[in-house]
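Student: Here it is, the structure, as structure tokens.
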Amino acid sequence: SVLGVSRSGYYKWRTTPPSDRKKRREQLLARIEYHFYDNDAIYGSPKITQKLHEEGFTVGEKTVGRLMRARDLRSEAMGKFKVQTTDSNHDFPIAPNWLNQHFDVCTKPNQVWVTDI
């Protein structure tokens, strides 16, 4: 009576099995959460939609995004890749430069070998 629902309507609602749409939505949500957490919470709706298509689901990106918003699943933005160069401030011994950029020191093969990393 508080909700303004008839007694028979309430009991019918309680005993009615879930619809096909609701079952499919729950199945989709389970797969969305699986892919979201399996990929360290960095996948958004485009990539998760692609994964679902690979599994055989027919679903749109907007639907996946809406279901993700309903469950508060937001992808974490990755920072821009920054190249980490060599740290020159160290106390390790530095190998001596025997050639000193004079590459014409050899008169026979296999006297001097040079490499670059």
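Chains: A, B, ... in order of the structure tokens. Residues: from 1 per chain. Ligands: from 1, in order shown.
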Write out as a PyMOL selection string which residues come within 7 Å of A:Ala41 when counting only C-alpha atoms, dropping same-chain ones fewer than 5 positions away.
Tutor: chain A and resi 36+75-76
Student: Tell me which protein, DNA and RNA residues are within 10 Å of stretch 42-56 of chain A, counting only C-alpha atoms, leaving out same-chain ones fewer than 5 positions away, and put them as an NGL selection string.
Tutor: :A and (28 or 31-37 or 61-69 or 73-78)
Student: Would you mind writing down, as a PyMOL selection string, each residue of chain A that DSSP on the backbone assigns to helix (DSSP H, G or I)?
Tutor: chain A and resi 7-15+20-38+45-55+61-70
Student: In Å, how far is it from atom CA of A:Gln27 to atom CA of A:Phe57?
Tutor: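 Answer for the atom CA of A:Gln27 to atom CA of A:Phe57 separation: 10.2 Å.
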